[in-house]
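Next up, coords-v2.csv (CSV, C-alpha atoms):
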```
chain,number,residue,atom,x,y,z
A,556,MET,CA,-57.5,69.2,48.7
A,557,ILE,CA,-55.6,66.4,46.9
A,558,TRP,CA,-51.8,66.5,46.6
A,559,GLU,CA,-50.0,64.2,44.2
A,560,VAL,CA,-46.9,62.6,45.8
A,561,PHE,CA,-43.6,61.8,44.1
A,562,ARG,CA,-41.0,59.7,45.8
A,563,GLN,CA,-37.2,59.6,45.3
A,564,GLU,CA,-35.7,56.3,46.6
A,565,LYS,CA,-32.0,57.1,46.5
A,566,PRO,CA,-29.9,60.2,46.1
A,567,GLY,CA,-29.6,61.1,42.5
A,568,ASP,CA,-32.7,59.1,41.4
A,569,TYR,CA,-35.7,60.7,39.8
A,570,HIS,CA,-38.8,61.6,41.8
A,571,LYS,CA,-41.4,59.1,40.6
A,572,HIS,CA,-45.2,59.5,41.1
A,573,CYS,CA,-46.3,57.1,43.8
A,574,GLY,CA,-49.8,58.2,44.8
A,575,ASN,CA,-51.6,61.0,46.5
A,576,VAL,CA,-52.9,62.3,49.8
A,577,HIS,CA,-55.8,64.4,51.1
A,578,ALA,CA,-54.6,67.4,53.1
A,579,PRO,CA,-55.7,71.0,53.8
A,580,ASP,CA,-52.3,72.6,53.2
A,581,ARG,CA,-48.8,72.0,52.0
A,582,GLU,CA,-47.4,71.3,55.5
A,583,MET,CA,-50.0,68.7,56.3
A,584,ALA,CA,-49.6,67.2,52.8
A,585,LYS,CA,-45.9,66.7,53.5
A,586,LEU,CA,-46.7,65.1,56.8
A,587,PHE,CA,-49.3,62.7,55.3
A,588,ALA,CA,-47.1,61.9,52.4
A,589,GLN,CA,-44.4,60.7,54.8
A,590,ILE,CA,-46.8,58.5,56.6
A,591,GLN,CA,-48.6,57.1,53.6
A,592,HIS,CA,-45.8,56.9,51.1
A,593,GLY,CA,-42.4,57.2,52.9
A,594,ARG,CA,-42.9,54.8,55.8
A,595,ARG,CA,-42.2,51.4,54.3
A,596,MET,CA,-40.7,52.1,50.9
A,597,GLN,CA,-37.1,53.2,50.7
A,598,THR,CA,-37.3,57.0,50.6
A,599,LYS,CA,-34.7,59.7,50.3
A,600,SER,CA,-37.1,62.6,49.5
A,601,LEU,CA,-40.8,63.3,48.7
A,602,TRP,CA,-42.4,66.0,46.6
A,603,VAL,CA,-46.1,67.1,47.1
A,604,VAL,CA,-47.9,68.9,44.3
A,605,PRO,CA,-51.4,70.3,44.3
A,606,GLN,CA,-53.4,68.0,41.9
A,607,GLU,CA,-55.1,70.9,40.3
A,608,GLU,CA,-51.8,72.3,39.3
A,609,ILE,CA,-50.9,69.3,37.1
A,610,GLY,CA,-51.6,69.6,33.4
A,611,GLU,CA,-52.2,66.4,31.5
A,612,VAL,CA,-52.3,65.4,27.8
A,613,ASP,CA,-53.0,61.7,27.0
A,614,ASP,CA,-53.0,59.5,23.9
A,615,GLU,CA,-56.7,60.3,23.2
A,616,ASP,CA,-55.8,64.0,22.9
A,617,THR,CA,-52.8,63.5,20.7
A,618,GLU,CA,-50.7,61.0,18.7
A,619,PHE,CA,-47.4,61.0,20.6
A,620,GLY,CA,-44.5,61.1,18.3
A,621,GLY,CA,-46.7,62.2,15.4
A,622,THR,CA,-48.4,60.2,12.6
A,623,THR,CA,-45.7,60.3,9.9
A,624,ASP,CA,-42.8,57.9,9.5
A,625,LYS,CA,-39.9,59.3,11.5
A,626,ALA,CA,-37.5,56.4,11.2
A,627,TYR,CA,-34.7,58.9,10.3
A,628,ARG,CA,-34.4,60.0,13.9
A,629,TRP,CA,-33.8,56.5,15.4
A,630,ALA,CA,-30.3,55.1,15.7
A,631,MET,CA,-31.5,51.7,14.5
A,632,THR,CA,-32.3,53.1,11.0
A,633,TYR,CA,-28.6,53.4,10.2
A,634,ASN,CA,-27.9,49.7,10.3
A,635,ASN,CA,-24.9,49.9,7.9
A,636,ILE,CA,-23.1,51.2,11.0
A,637,ASP,CA,-22.0,49.0,13.8
A,638,ALA,CA,-22.4,51.0,17.1
A,639,SER,CA,-20.4,48.6,19.2
A,640,PHE,CA,-17.1,50.5,18.9
A,641,GLN,CA,-18.3,53.0,21.5
A,642,LYS,CA,-20.1,51.8,24.6
A,643,GLU,CA,-22.4,54.8,25.0
A,644,VAL,CA,-23.4,54.8,21.3
A,645,ALA,CA,-24.3,51.1,21.6
A,646,GLU,CA,-26.3,51.8,24.8
A,647,SER,CA,-28.1,54.7,23.3
A,648,GLU,CA,-29.1,52.5,20.4
A,649,GLU,CA,-30.3,49.7,22.7
A,650,ASP,CA,-32.3,52.2,24.8
A,651,GLN,CA,-33.9,53.6,21.6
A,652,ARG,CA,-34.7,50.2,20.3
A,653,GLU,CA,-36.5,49.3,23.6
A,654,ALA,CA,-38.4,52.6,23.6
A,655,ALA,CA,-39.5,52.2,20.0
A,656,GLU,CA,-40.6,48.6,20.5
A,657,ALA,CA,-42.6,49.5,23.6
A,658,ALA,CA,-44.3,52.4,21.7
A,659,GLU,CA,-45.0,50.0,18.8
A,660,ALA,CA,-46.4,47.3,21.1
A,661,ASP,CA,-48.8,49.9,22.6
A,662,ARG,CA,-50.3,50.9,19.2
B,1147,MET,CA,-21.9,73.0,53.6
B,1148,ASP,CA,-18.3,74.1,53.3
B,1149,ILE,CA,-15.8,73.2,50.6
B,1150,SER,CA,-14.0,70.5,52.6
B,1151,GLU,CA,-17.3,68.7,53.2
B,1152,VAL,CA,-18.2,69.0,49.5
B,1153,LYS,CA,-14.9,67.4,48.6
B,1154,ALA,CA,-15.3,64.7,51.1
B,1155,ARG,CA,-18.8,63.8,50.0
B,1156,ALA,CA,-18.3,64.3,46.2
B,1157,GLY,CA,-19.6,61.5,44.1
B,1158,PRO,CA,-22.1,60.7,41.3
B,1159,ARG,CA,-25.4,62.7,41.7
B,1160,GLU,CA,-24.5,63.5,45.3
B,1161,PHE,CA,-25.7,67.1,45.5
B,1162,SER,CA,-29.1,68.6,44.6
B,1163,PRO,CA,-31.0,71.9,45.0
B,1164,ALA,CA,-32.0,70.6,48.5
B,1165,ASP,CA,-28.4,70.9,49.6
B,1166,ASP,CA,-26.9,74.1,50.8
B,1167,MET,CA,-23.9,74.4,48.4
B,1168,PRO,CA,-21.0,76.9,48.8
B,1169,GLU,CA,-20.8,79.7,46.3
B,1170,GLU,CA,-17.5,78.4,44.9
B,1171,TYR,CA,-19.2,75.1,43.9
B,1172,ARG,CA,-22.3,76.8,42.5
B,1173,LYS,CA,-20.2,79.1,40.4
B,1174,ALA,CA,-18.0,76.4,39.0
B,1175,ALA,CA,-21.0,74.2,38.2
B,1176,THR,CA,-22.8,77.2,36.6
B,1177,ARG,CA,-19.7,78.0,34.4
B,1178,MET,CA,-19.5,74.4,33.3
B,1179,ILE,CA,-23.2,73.8,32.6
B,1180,GLN,CA,-23.6,77.2,30.9
B,1181,PHE,CA,-20.7,76.4,28.6
B,1182,HIS,CA,-22.3,73.1,27.8
B,1183,ALA,CA,-25.7,74.6,27.1
B,1184,ASN,CA,-24.2,77.4,25.0
B,1185,SER,CA,-22.4,74.8,23.0
B,1186,GLU,CA,-25.6,72.9,22.3
B,1187,VAL,CA,-27.2,76.1,21.0
B,1188,MET,CA,-24.2,77.1,18.8
B,1189,GLY,CA,-23.8,73.5,17.6
B,1190,GLY,CA,-27.5,73.5,16.7
B,1191,TYR,CA,-27.1,76.7,14.7
B,1192,LEU,CA,-24.0,75.4,12.9
B,1193,ASP,CA,-25.7,72.1,12.2
B,1194,LYS,CA,-28.8,73.7,10.6
B,1195,GLU,CA,-26.6,74.6,7.6
B,1196,PHE,CA,-26.4,70.9,6.8
B,1197,THR,CA,-30.2,70.7,6.3
B,1198,ARG,CA,-29.7,73.1,3.3
B,1199,LEU,CA,-26.6,71.4,2.0
B,1200,ALA,CA,-27.8,67.8,2.4
B,1201,PRO,CA,-28.0,65.9,-0.9
B,1202,SER,CA,-31.2,64.0,-0.2
B,1203,LEU,CA,-34.6,64.3,1.5
B,1204,ASP,CA,-33.7,61.6,4.0
B,1205,ARG,CA,-30.6,63.4,5.0
B,1206,LYS,CA,-32.5,66.7,5.3
B,1207,LEU,CA,-35.0,65.2,7.6
B,1208,ALA,CA,-32.4,63.6,9.8
B,1209,CYS,CA,-30.5,66.9,10.0
B,1210,THR,CA,-33.6,68.8,11.1
B,1211,ALA,CA,-34.3,66.2,13.7
B,1212,LYS,CA,-30.8,66.5,15.0
B,1213,CYS,CA,-31.0,70.3,15.3
B,1214,GLN,CA,-34.3,69.9,17.1
B,1215,ASP,CA,-32.5,67.5,19.5
B,1216,GLU,CA,-29.6,69.9,20.1
B,1217,ILE,CA,-31.8,72.9,20.9
B,1218,GLY,CA,-33.8,70.6,23.2
B,1219,HIS,CA,-30.5,69.7,25.0
B,1220,ALA,CA,-29.7,73.4,25.5
B,1221,GLN,CA,-33.1,73.9,27.1
B,1222,LEU,CA,-32.5,71.0,29.5
B,1223,LEU,CA,-29.0,72.3,30.4
B,1224,TYR,CA,-30.1,75.9,31.0
B,1225,ARG,CA,-32.7,74.5,33.4
B,1226,ALA,CA,-30.1,72.4,35.1
B,1227,ALA,CA,-27.8,75.5,35.4
B,1228,GLU,CA,-30.6,77.6,36.7
B,1229,THR,CA,-31.1,75.3,39.7
B,1230,LEU,CA,-27.7,76.5,41.0
B,1231,GLY,CA,-29.2,79.9,41.7
B,1232,VAL,CA,-26.3,81.9,40.2
B,1233,LYS,CA,-27.8,83.0,36.9
B,1234,THR,CA,-31.2,82.9,35.3
B,1235,ARG,CA,-31.8,81.3,31.9
B,1236,ASP,CA,-32.5,84.7,30.4
B,1237,GLU,CA,-29.2,86.1,31.7
B,1238,MET,CA,-27.3,83.2,30.2
B,1239,LEU,CA,-29.0,83.6,26.8
B,1240,ASP,CA,-28.3,87.3,26.9
B,1241,GLU,CA,-24.7,86.7,27.6
B,1242,LEU,CA,-24.5,84.4,24.6
B,1243,THR,CA,-26.1,87.0,22.4
B,1244,ALA,CA,-23.7,89.7,23.7
B,1245,GLY,CA,-20.7,87.6,22.8
B,1246,GLU,CA,-19.8,87.0,26.4
B,1247,GLY,CA,-21.0,83.4,26.7
B,1248,LYS,CA,-18.3,80.8,26.0
B,1249,PHE,CA,-18.8,77.6,23.9
B,1250,LEU,CA,-16.8,74.7,22.3
B,1251,ASN,CA,-14.0,75.6,19.9
B,1252,CYS,CA,-15.4,73.5,17.0
B,1253,PHE,CA,-18.6,75.7,16.8
B,1254,HIS,CA,-16.6,78.8,16.0
B,1255,TYR,CA,-15.8,77.7,12.5
B,1256,PRO,CA,-18.6,78.5,9.9
B,1257,VAL,CA,-19.3,75.6,7.5
B,1258,ASP,CA,-20.1,75.8,3.9
B,1259,SER,CA,-20.1,72.3,2.4
B,1260,TRP,CA,-21.7,68.9,3.0
B,1261,TYR,CA,-18.3,67.3,3.3
B,1262,GLU,CA,-18.1,69.1,6.7
B,1263,ALA,CA,-21.2,67.3,8.0
B,1264,PRO,CA,-19.4,64.1,9.1
B,1265,MET,CA,-16.7,66.2,10.8
B,1266,ILE,CA,-19.3,67.7,13.1
B,1267,ASP,CA,-21.9,64.9,13.2
B,1268,PHE,CA,-19.5,62.0,13.6
B,1269,PHE,CA,-16.2,63.1,15.0
B,1270,VAL,CA,-17.2,66.2,17.1
B,1271,ASP,CA,-20.5,64.6,18.3
B,1272,GLY,CA,-18.6,61.3,19.0
B,1273,GLY,CA,-16.1,63.2,21.1
B,1274,ALA,CA,-19.0,65.1,22.8
B,1275,MET,CA,-20.7,61.8,23.6
B,1276,ARG,CA,-17.5,60.5,25.2
B,1277,ARG,CA,-17.5,63.4,27.5
B,1278,GLN,CA,-21.3,63.4,28.1
B,1279,ALA,CA,-21.2,59.7,29.1
B,1280,THR,CA,-18.8,60.6,31.9
B,1281,LEU,CA,-21.0,63.4,33.0
B,1282,LYS,CA,-23.8,61.0,33.9
B,1283,SER,CA,-21.8,60.6,37.1
B,1284,THR,CA,-21.3,64.3,37.8
B,1285,SER,CA,-22.0,65.4,41.4
B,1286,TRP,CA,-24.8,68.0,40.5
B,1287,GLU,CA,-27.9,65.8,40.2
B,1288,PRO,CA,-29.9,68.0,37.8
B,1289,TYR,CA,-26.9,68.0,35.4
B,1290,ALA,CA,-26.7,64.2,35.5
B,1291,HIS,CA,-30.5,64.0,34.8
B,1292,ALA,CA,-30.1,66.2,31.8
B,1293,MET,CA,-27.3,63.8,30.6
B,1294,ASP,CA,-29.6,60.8,30.8
B,1295,LYS,CA,-31.8,62.2,28.1
B,1296,VAL,CA,-29.0,63.7,26.1
B,1297,CYS,CA,-27.1,60.4,25.9
B,1298,PHE,CA,-30.3,58.5,25.1
B,1299,GLU,CA,-30.7,60.7,21.9
B,1300,GLU,CA,-27.0,61.0,20.8
B,1301,GLY,CA,-26.7,57.5,19.5
B,1302,PHE,CA,-28.8,58.5,16.5
B,1303,HIS,CA,-26.5,61.6,15.8
B,1304,VAL,CA,-23.3,59.6,15.9
B,1305,LYS,CA,-24.6,56.7,13.8
B,1306,HIS,CA,-26.1,59.1,11.3
B,1307,GLY,CA,-22.8,61.1,11.2
B,1308,GLU,CA,-20.9,57.9,10.5
B,1309,ASP,CA,-23.4,56.9,7.8
B,1310,ILE,CA,-22.7,60.2,6.0
B,1311,LEU,CA,-18.9,59.6,6.2
B,1312,ARG,CA,-19.4,56.0,4.9
B,1313,GLU,CA,-21.5,57.2,2.0
B,1314,LEU,CA,-19.0,59.9,1.0
B,1315,MET,CA,-16.0,57.6,1.2
B,1316,ARG,CA,-17.7,54.9,-0.9
B,1317,SER,CA,-18.7,57.3,-3.6
B,1318,SER,CA,-16.7,59.0,-6.4
B,1319,LYS,CA,-12.9,59.6,-6.2
B,1320,LYS,CA,-13.6,63.3,-6.2
B,1321,ASN,CA,-15.9,63.0,-3.2
B,1322,GLN,CA,-13.3,61.0,-1.3
B,1323,GLU,CA,-10.6,63.6,-2.0
B,1324,ARG,CA,-12.8,66.5,-0.9
B,1325,THR,CA,-13.7,64.6,2.3
B,1326,GLN,CA,-10.0,64.0,3.0
B,1327,GLU,CA,-9.2,67.7,2.4
B,1328,VAL,CA,-11.9,68.8,4.8
B,1329,PHE,CA,-10.8,66.1,7.3
B,1330,GLU,CA,-7.3,67.6,7.4
B,1331,LYS,CA,-8.7,71.0,8.1
B,1332,TRP,CA,-10.9,69.7,10.9
B,1333,TRP,CA,-8.7,67.1,12.5
B,1334,PRO,CA,-6.6,69.5,14.6
B,1335,ARG,CA,-9.7,71.4,15.8
B,1336,ILE,CA,-11.2,68.1,16.8
B,1337,LEU,CA,-8.2,67.2,18.8
B,1338,GLN,CA,-8.4,70.5,20.6
B,1339,PHE,CA,-12.0,69.9,21.3
B,1340,PHE,CA,-10.9,68.2,24.5
B,1341,GLY,CA,-8.9,71.2,25.7
B,1342,PRO,CA,-5.3,71.4,26.7
B,1343,THR,CA,-3.6,68.7,28.7
B,1344,ASN,CA,-4.6,68.6,32.3
B,1345,ASP,CA,-1.9,70.8,33.9
B,1346,GLU,CA,-2.7,73.7,31.6
B,1347,SER,CA,-6.4,73.7,32.0
B,1348,VAL,CA,-7.6,76.4,34.4
B,1349,HIS,CA,-10.7,75.0,36.0
B,1350,ASN,CA,-9.9,71.3,36.0
B,1351,ASP,CA,-8.6,70.6,39.5
B,1352,PHE,CA,-11.4,72.1,41.5
B,1353,SER,CA,-14.1,70.6,39.2
B,1354,GLN,CA,-12.7,67.2,39.7
B,1355,GLU,CA,-12.3,67.5,43.4
B,1356,VAL,CA,-15.9,68.4,43.9
B,1357,GLY,CA,-17.0,65.7,41.4
B,1358,LEU,CA,-18.4,68.0,38.8
B,1359,LYS,CA,-16.0,66.5,36.2
B,1360,THR,CA,-15.2,62.8,36.4
B,1361,ALA,CA,-12.6,62.4,33.6
B,1362,THR,CA,-9.6,64.5,32.6
B,1363,ASN,CA,-9.2,66.1,29.2
B,1364,ASP,CA,-6.3,63.8,28.6
B,1365,GLU,CA,-8.3,60.6,29.4
B,1366,LEU,CA,-11.1,61.7,27.1
B,1367,ARG,CA,-8.9,62.6,24.2
B,1368,ASN,CA,-7.0,59.3,24.6
B,1369,SER,CA,-10.1,57.2,24.5
B,1370,PHE,CA,-11.4,59.2,21.6
B,1371,LEU,CA,-8.2,58.6,19.6
B,1372,ASN,CA,-8.5,54.8,20.4
B,1373,MET,CA,-12.0,54.7,19.1
B,1374,TYR,CA,-12.0,57.2,16.2
B,1375,ILE,CA,-8.6,56.7,14.5
B,1376,PRO,CA,-9.6,53.1,13.5
B,1377,LYS,CA,-12.9,54.4,12.3
B,1378,ALA,CA,-11.3,57.1,10.1
B,1379,GLU,CA,-8.9,54.5,8.7
B,1380,LYS,CA,-11.7,52.0,8.1
B,1381,TYR,CA,-13.3,54.5,5.6
B,1382,GLY,CA,-10.0,55.3,4.0
B,1383,LEU,CA,-9.2,58.6,5.6
B,1384,GLU,CA,-5.6,59.3,6.1
B,1385,ILE,CA,-4.6,60.7,9.5
B,1386,PRO,CA,-2.5,63.8,8.8
B,1387,GLU,CA,1.2,63.6,9.8
B,1388,TYR,CA,0.8,66.7,11.9
B,1389,PRO,CA,-0.2,67.0,14.8
B,1390,ARG,CA,1.8,63.9,15.5
B,1391,ILE,CA,0.0,61.1,17.3
B,1392,TYR,CA,2.1,58.7,19.4
B,1393,GLU,CA,1.7,55.7,21.7
B,1394,ARG,CA,2.8,56.1,25.3
B,1395,ASP,CA,4.5,53.5,27.3
B,1396,ASP,CA,1.2,52.3,28.8
B,1397,GLY,CA,-0.1,51.7,25.2
B,1398,THR,CA,-2.5,54.6,25.3
B,1399,MET,CA,-2.6,57.2,22.5
B,1400,ALA,CA,-1.6,60.9,22.8
B,1401,VAL,CA,-1.1,63.9,20.6
B,1402,ARG,CA,2.0,66.1,20.6
B,1403,GLU,CA,0.4,69.2,21.8
B,1404,ASP,CA,3.1,71.5,20.6
B,1405,ASP,CA,2.0,70.7,17.1
B,1406,LEU,CA,-1.4,72.3,17.7
B,1407,ASP,CA,-2.2,76.0,17.3
B,1408,TRP,CA,-3.0,77.1,20.9
B,1409,ASP,CA,-2.9,80.8,20.0
B,1410,GLU,CA,-6.0,80.1,17.8
B,1411,PHE,CA,-7.5,78.0,20.6
B,1412,TRP,CA,-7.2,80.7,23.2
B,1413,THR,CA,-8.4,83.4,20.8
B,1414,ILE,CA,-11.5,81.3,20.2
B,1415,ALA,CA,-11.8,80.8,24.0
B,1416,LYS,CA,-12.2,84.6,24.2
B,1417,ASN,CA,-14.8,84.7,21.4
B,1418,ASP,CA,-12.2,86.9,19.5
B,1419,TYR,CA,-11.8,84.7,16.4
B,1420,PRO,CA,-13.3,86.0,13.1
B,1421,GLY,CA,-15.5,82.8,13.0
B,1422,SER,CA,-16.7,83.5,16.6
B,1423,ARG,CA,-18.0,86.9,15.6
B,1424,GLU,CA,-19.6,85.5,12.5
B,1425,GLN,CA,-21.4,82.6,14.4
B,1426,ILE,CA,-22.5,84.7,17.4
B,1427,GLY,CA,-23.6,87.5,15.0
B,1428,SER,CA,-25.6,85.3,12.7
B,1429,ARG,CA,-27.4,83.7,15.7
B,1430,ARG,CA,-28.1,87.2,17.1
B,1431,GLU,CA,-29.7,88.2,13.8
B,1432,ARG,CA,-31.9,85.2,13.8
B,1433,GLN,CA,-32.9,85.8,17.4
B,1434,GLU,CA,-33.9,89.3,16.6
B,1435,ALA,CA,-35.9,88.1,13.6
B,1436,VAL,CA,-38.1,86.0,15.8
B,1437,GLU,CA,-38.2,88.3,18.8
B,1438,TRP,CA,-41.9,88.8,18.2
B,1439,VAL,CA,-42.6,85.2,19.0
B,1440,ARG,CA,-41.0,85.4,22.4
B,1441,SER,CA,-42.7,88.7,23.1
B,1442,ALA,CA,-46.1,87.3,22.2
B,1443,MET,CA,-45.5,84.3,24.6
B,1444,ASP,CA,-44.3,86.6,27.4
B,1445,ASP,CA,-47.3,88.8,27.0
B,1446,TRP,CA,-49.6,85.8,27.0
B,1447,GLU,CA,-48.0,84.4,30.2
B,1448,ALA,CA,-48.2,87.8,32.0
B,1449,GLY,CA,-51.8,88.3,31.1
B,1450,SER,CA,-53.1,84.8,31.8
B,1451,GLY,CA,-52.7,85.0,35.6
B,1452,THR,CA,-52.5,81.2,36.0
B,1453,ALA,CA,-48.8,80.9,36.4
B,1454,GLY,CA,-48.7,81.0,40.2
B,1455,VAL,CA,-49.1,77.9,42.3
B,1456,ALA,CA,-51.8,77.8,45.0
B,1457,ASP,CA,-50.4,77.5,48.5
```

As structure tokens, what does this structure read like?
Amino acid sequence: MIWEVFRQEKPGDYHKHCGNVHAPDREMAKLFAQIQHGRRMQTKSLWVVPQEEIGEVDDEDTEFGGTTDKAYRWAMTYNNIDASFQKEVAESEEDQREAAEAAEADR
Amino acid sequence: MDISEVKARAGPREFSPADDMPEEYRKAATRMIQFHANSEVMGGYLDKEFTRLAPSLDRKLACTAKCQDEIGHAQLLYRAAETLGVKTRDEMLDELTAGEGKFLNCFHYPVDSWYEAPMIDFFVDGGAMRRQATLKSTSWEPYAHAMDKVCFEEGFHVKHGEDILRELMRSSKKNQERTQEVFEKWWPRILQFFGPTNDESVHNDFSQEVGLKTATNDELRNSFLNMYIPKAEKYGLEIPEYPRIYERDDGTMAVREDDLDWDEFWTIAKNDYPGSREQIGSRRERQEAVEWVRSAMDDWEAGSGTAGVAD
């Protein structure tokens, strides 16, 4: 049985997918995950998840974000407004710009 | 873990469901996150009125997108609250329907004109974003993770809200006057959004000691005033004479709290204000109208037999 492994580097971080292990049960999967994925890389915690329990949808199955123009839901659209007066608004706009550019580059 | 260890270790994203947290911490965190989640729901319901009132198709689209975001934030937050093991999501939603769930004061006032849109979407949302930015450093990790996504999205809400204000204040004299009128009605409520000064707030001390809350009501209101008074003035809004705003010796801004109606605030805090009953009641009616959707999904889940995880 294959178990997908998610590693958290530091307390408070997200668990990010880092690979998988072959193991007959959950206990062994946790043990193998420690050896394969938690030995060198900085590790605070590991999750193991049966591969068959993971559901997937990819960009061949669907058009993420839809196919119509949804400019109205991005901060960058409202460019008469200067976001710099409030740090977190400016950061949100910057993050949204990066996300939109990455999605655009991918198309 | 006992309370003294929690206080000693308290820091950003320090505790997660893997830690054995004392009941006092779990209850305080549940109360705080449930309040936040309820506010997202009730804010979403209030906001949806603006889709109908919006003067253009662009505005209607943006308003619907914003409601969708707010309800999504509620979902994230109920999940984060559930991880504390005190209440289930269903219990929290039932409490909200029954009028027991508490939520932000500004969402207890029904809206009926487009002039109110910037009050909620710019001033209230801007204040909420101030608070949410500080909650990225809360000690309950699932709560902080929810804040990451919430803050990512909120920039659009605040900028869109400011864009509405800008548009109104650059249009006809009549529109400017109506906006000023509505602003005067909302301004005291917005100042109360941050709650009473620190020494009067019931849950503040413990929440700060265990790192759930990282900024005081007073600090948040002060930074809000510093950012938003210049914005209001920039668009030609006049700050009402009362409640009086003054500058403290250290140059920070504060409001004379005696000028605010705290009887109304505490009535709202008990869900006893006429607007509270109207807002909770109208949500309950809409919930009942779409009960069949939830039942159909529950029946489907119960019948499919694939929900369990292989061990």

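CA of Phe1196 in chain B is found 13.6 Å from CA of Leu1311 in chain B.
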
Proximal residues of chain B relative to chain A (all atoms listed in the file; 9 Å) as number ranges by chain:
B: 1158-1162, 1204-1205, 1207-1209, 1211-1212, 1272, 1275-1276, 1279, 1285-1288, 1290-1291, 1297-1306, 1308-1309, 1312, 1373-1374, 1377, 1455-1457

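Relative to CA of Asp1258 in chain B, CA of Thr1197 in chain B is found at 11.6 Å.
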
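Put simply, CA of Gly620 in chain A is 14.8 Å away from CA of Arg652 in chain A.
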
For Leu1371 in chain B, find every residue with an atom within 12 Å (counting all atoms listed in the file), except residues of its own chain fewer than 4 positions away, and show them as a VMD selection string.
(chain A and resid 641) or (chain B and resid 1269 1272 to 1273 1276 1333 1336 to 1338 1340 1364 to 1367 1375 to 1379 1385 1391 to 1393 1398 to 1401)

Mind writing the picked residues with C-alpha atoms as a CSV table (one decimal), in the frame of the given file?
```csv
chain,number,residue,atom,x,y,z
A,641,GLN,CA,-18.3,53.0,21.5
B,1269,PHE,CA,-16.2,63.1,15.0
B,1272,GLY,CA,-18.6,61.3,19.0
B,1273,GLY,CA,-16.1,63.2,21.1
B,1276,ARG,CA,-17.5,60.5,25.2
B,1333,TRP,CA,-8.7,67.1,12.5
B,1336,ILE,CA,-11.2,68.1,16.8
B,1337,LEU,CA,-8.2,67.2,18.8
B,1338,GLN,CA,-8.4,70.5,20.6
B,1340,PHE,CA,-10.9,68.2,24.5
B,1364,ASP,CA,-6.3,63.8,28.6
B,1365,GLU,CA,-8.3,60.6,29.4
B,1366,LEU,CA,-11.1,61.7,27.1
B,1367,ARG,CA,-8.9,62.6,24.2
B,1375,ILE,CA,-8.6,56.7,14.5
B,1376,PRO,CA,-9.6,53.1,13.5
B,1377,LYS,CA,-12.9,54.4,12.3
B,1378,ALA,CA,-11.3,57.1,10.1
B,1379,GLU,CA,-8.9,54.5,8.7
B,1385,ILE,CA,-4.6,60.7,9.5
B,1391,ILE,CA,0.0,61.1,17.3
B,1392,TYR,CA,2.1,58.7,19.4
B,1393,GLU,CA,1.7,55.7,21.7
B,1398,THR,CA,-2.5,54.6,25.3
B,1399,MET,CA,-2.6,57.2,22.5
B,1400,ALA,CA,-1.6,60.9,22.8
B,1401,VAL,CA,-1.1,63.9,20.6
```

Point (-46.7, 63.6, 52.7) neighbourhood (12 Å, only C-alpha atoms) written as number ranges by chain
A: 557-562, 573-594, 598, 600-605
